[in-house]
Amino acid sequence: LAPGTSEPLQSWEEAHAFAEEHGLPVVIKAAFGGGGRGLKIVTREDGLDAVEDAFLSAGREAGEAFGRTECFVEKFLETPRHVEAQVLADTHGHVSVVGLRDCSTQRRFQKLVEEAPAPFLTTGQREQITEGARSICAAAGYVGAGTVEFIVAADGTVSFLEVNTRVQVEHPVTEVTSGVDIVAEQFRIAFGEELSWIAAGEPLDPASSGHAIEFRINAEDVANGFVPCPGTVTEFRVPTGPGIRVDAGVVSGSTIPGFYDSMLGKLIVWGPTRDVALRRARAALDEFVITGVRTVLPFHRDHVRAPEFTAVASDGSAGEFGVYTDWVDSHYVPGAATGGDIEDAYIERTEISVEIDGRLHRVGIPAGVLGSVVSGAGAGSAAPVASEASAASAVSGTPVTSPFDGTVVEWKVDDGAQVSKGDTVVAIEAMKMERAVTAPADGVLHITLNAGDHAARGAVLGAVE
């Protein structure tokens with residue numbers, strides 16, 4: 001285990017004292033949190049003064065998502081990978097490790113991409129994680145599906161993280177590589193039966209076949225720091241082909257409210273090797289179409305082409321594999337791998353047929369360009385939407401605007417206070433995730449919306465004069 005508190009803390013002062021004793025960076029983790037909610041990092045650059053705000057923010061996030069605000073604090077292991085073991089345990093004493101997964105691609109410590117089996121581990125690390133997971137569950141008398149999670153530090157150290165006592169979002173990558181229907185096995189276990197392959201006389205741990213990668217499809221704006229994007233999905237068109245599976249919770253016309261998690265669905269891609277799975281994933285992500293709300297599809301298209309994620313040494317080892325749990329937050333540059341403009345990727349286009357030199361061509365044109373032409377053709381006209389610029393023009397001074405549709409959580413400074421450009425002035429929350437908004441200029445802050453008020457995307461929260 002990494003150094004940390006054994007019991008939840010009673011105050012931010014206790015977190016501050018721990019950070020003073022063990023040094024930065026530290027991680028503040030909600031005791032009843034999960035999925036990245038209620039998890040905050042305080043780095044050396046942030047300094048000890050940032051511990052208070054991080055502790056209170058983690059508690060608020062956890063309270064909104066889980067109804068409990070207690071937090072632990074731990075020493076943060078830098079540039080770690082997240083590797084986990086999928087466990088199924090029946091009432092007959094069988095504890096099976098169905099497979100290992102790598103879930104290192106995360107943003108704000110919530111997983112975005114997962115793959116199985118976990119690549120680039122040494123034989124020793126793989127055995128340590130497998131047998132460690134089995135022994136933990138056996139010692140606890142665990143029954144059912146569960147995931148035992150570990151951190152693999154840059155120096156190769158394996159540190160236990162937690163046990164998730166449920167089926168996880170990323171369970172499909174283990175299903176398609178192991179041939180085990182994890183949810184079906186949960187029913188067998190609940191009925192008092194043995195695991196199906198053990199009943200058939202097969203080994204305790206299923207063999208793995210091929211490689212699978214899962215991409216979480218979230219309603220978030222990659223061009224603006226993965227902010228939540230509630231709204232109405234106008235088109236949801238999934239890819240097809242060999243090794244492609246889509247588990248989705250929405251269809252065309254679904255409304256995505258701002259009160260829940262941002263995940264719309266999951267794309268799972270299988271291939272006989274990791275390289276083939278990556279090639280199939282590139283094609284599938286290019287084929288996936290979602291309009292009406294912004295999603296993380298542009299990030300995924302970037303990621304499957306990023307050398308940090310795809311580079312492998314000739315001997316099959318990790319080589320230049322450079323992804324770790326906060327790599328997206330600290331190093332990802334939108335459009336860097338694809339060479340495109342992420343903002344441009346969100347422009348919705350209308351396809352029309354154009355005849356050139358006697359040949360028919362399909363051309364995609366930004367929907368707004370057609371304007372009244374499309375409307376006159378029967379496509380209907382859209383209601384005008386006020387832009388951020390027009391909303392901001394109604395206030396004097398430099399506006400402080402909301403980055404997404406959400407709720408004002410807390411102002412960090414008082415109305416009339418002097419602020420400097422870059423200072424955090426207010427926290428906004430949507431889809432159970434908080435985001436800090438900074439002062440756009442030096443001057444005196446005048447607050448327009450109060451804590452608890454709803455703010456549309458681009459709404460003026462206040463202004464700096």
# chains A, B, ... in the order shown; residues from 1 in each chain; ligands from 1
>>> residues_around(residues="range 397-404 of chain A", least_positions_apart="4", cutoff="6 Å", atoms="only C-alpha atoms", output="list in words")
Ala392, Arg457, Gly458, Ala459, Val460, Leu461, Gly462, Ala463, Val464 and Glu465 of chain A
>>> select_by_dssp(residues="range 169-381 of chain A", states="helix (DSSP H, G or I)", output="ChimeraX atom specification")
/A:171-178,182-190,196-199,222-224,274-287,297-303,307-310,327-331,342-345,367-370,372-379
>>> atom_distance(atom1="CA of Asn224 in chain A", atom2="CA of Thr338 in chain A")
17.4 Å
>>> atom_distance(atom1="CA of Thr157 in chain A", atom2="CA of Gly322 in chain A")
16.5 Å
>>> residues_around(residues="Val26 in chain A", least_positions_apart="2", cutoff="7 Å", atoms="only C-alpha atoms", output="list in words")
Ala19, Leu24, Ile28, Ile41, Val42, Thr43, Val73, Glu74, Lys75 and Phe76 of chain A
>>> residues_around(residues="range 172-174 of chain A", least_positions_apart="6", cutoff="8 Å", atoms="only C-alpha atoms", output="PyMOL selection string")
chain A and resi 86+98-101+114-117+180+212-214+268+270
>>> atom_distance(atom1="CA of Ala283 in chain A", atom2="CA of Glu308 in chain A")
19.3 Å
>>> residues_around(residues="Ser135 in chain A", least_positions_apart="3", cutoff="12 Å", atoms="only C-alpha atoms", output="number ranges by chain")
A: 85, 87, 89, 93-97, 127-132, 138-142, 148
>>> write_last_selection(atoms="N, CA and C atoms", output="compact mmCIF listing (two decimals), in the first residue's frame")
# COMPACT_ATOMS: atom_id res chain seq x y z
N ALA A 85 -7.77 -6.71 -11.90
CA ALA A 85 -8.10 -8.12 -12.12
C ALA A 85 -9.60 -8.32 -11.98
N VAL A 87 -12.52 -10.63 -11.13
CA VAL A 87 -12.68 -11.83 -10.31
C VAL A 87 -14.14 -12.28 -10.33
N ALA A 89 -16.23 -15.27 -8.04
CA ALA A 89 -16.12 -16.23 -6.95
C ALA A 89 -17.48 -16.84 -6.66
N GLY A 93 -16.32 -22.12 -3.16
CA GLY A 93 -14.93 -21.87 -2.81
C GLY A 93 -14.01 -21.60 -3.99
N HIS A 94 -14.57 -21.50 -5.20
CA HIS A 94 -13.74 -21.22 -6.38
C HIS A 94 -13.60 -19.71 -6.56
N VAL A 95 -12.38 -19.21 -6.58
CA VAL A 95 -12.11 -17.80 -6.86
C VAL A 95 -11.31 -17.75 -8.15
N SER A 96 -11.96 -17.33 -9.23
CA SER A 96 -11.33 -17.30 -10.55
C SER A 96 -10.97 -15.89 -10.96
N VAL A 97 -9.74 -15.71 -11.43
CA VAL A 97 -9.33 -14.44 -12.03
C VAL A 97 -9.53 -14.59 -13.53
N GLU A 127 1.76 -12.17 -12.31
CA GLU A 127 1.48 -13.17 -11.28
C GLU A 127 1.15 -12.50 -9.95
N GLN A 128 1.85 -11.42 -9.62
CA GLN A 128 1.59 -10.71 -8.37
C GLN A 128 0.16 -10.16 -8.33
N ILE A 129 -0.28 -9.58 -9.43
CA ILE A 129 -1.63 -9.01 -9.50
C ILE A 129 -2.68 -10.12 -9.48
N THR A 130 -2.46 -11.17 -10.25
CA THR A 130 -3.43 -12.27 -10.32
C THR A 130 -3.59 -12.95 -8.96
N GLU A 131 -2.49 -13.36 -8.37
CA GLU A 131 -2.57 -14.08 -7.10
C GLU A 131 -2.92 -13.16 -5.94
N GLY A 132 -2.51 -11.90 -6.03
CA GLY A 132 -2.92 -10.94 -5.01
C GLY A 132 -4.43 -10.75 -5.00
N ALA A 138 -10.39 -14.46 -1.57
CA ALA A 138 -10.52 -15.71 -0.81
C ALA A 138 -10.52 -15.44 0.69
N ALA A 139 -9.61 -14.55 1.13
CA ALA A 139 -9.52 -14.24 2.56
C ALA A 139 -10.79 -13.57 3.07
N ALA A 140 -11.44 -12.79 2.20
CA ALA A 140 -12.66 -12.08 2.60
C ALA A 140 -13.91 -12.94 2.47
N GLY A 141 -13.77 -14.14 1.90
CA GLY A 141 -14.94 -14.97 1.64
C GLY A 141 -15.84 -14.34 0.60
N TYR A 142 -15.23 -13.66 -0.36
CA TYR A 142 -15.99 -12.90 -1.36
C TYR A 142 -16.79 -13.83 -2.27
N VAL A 148 -10.43 -6.25 -8.50
CA VAL A 148 -9.37 -5.86 -7.58
C VAL A 148 -8.40 -4.98 -8.36
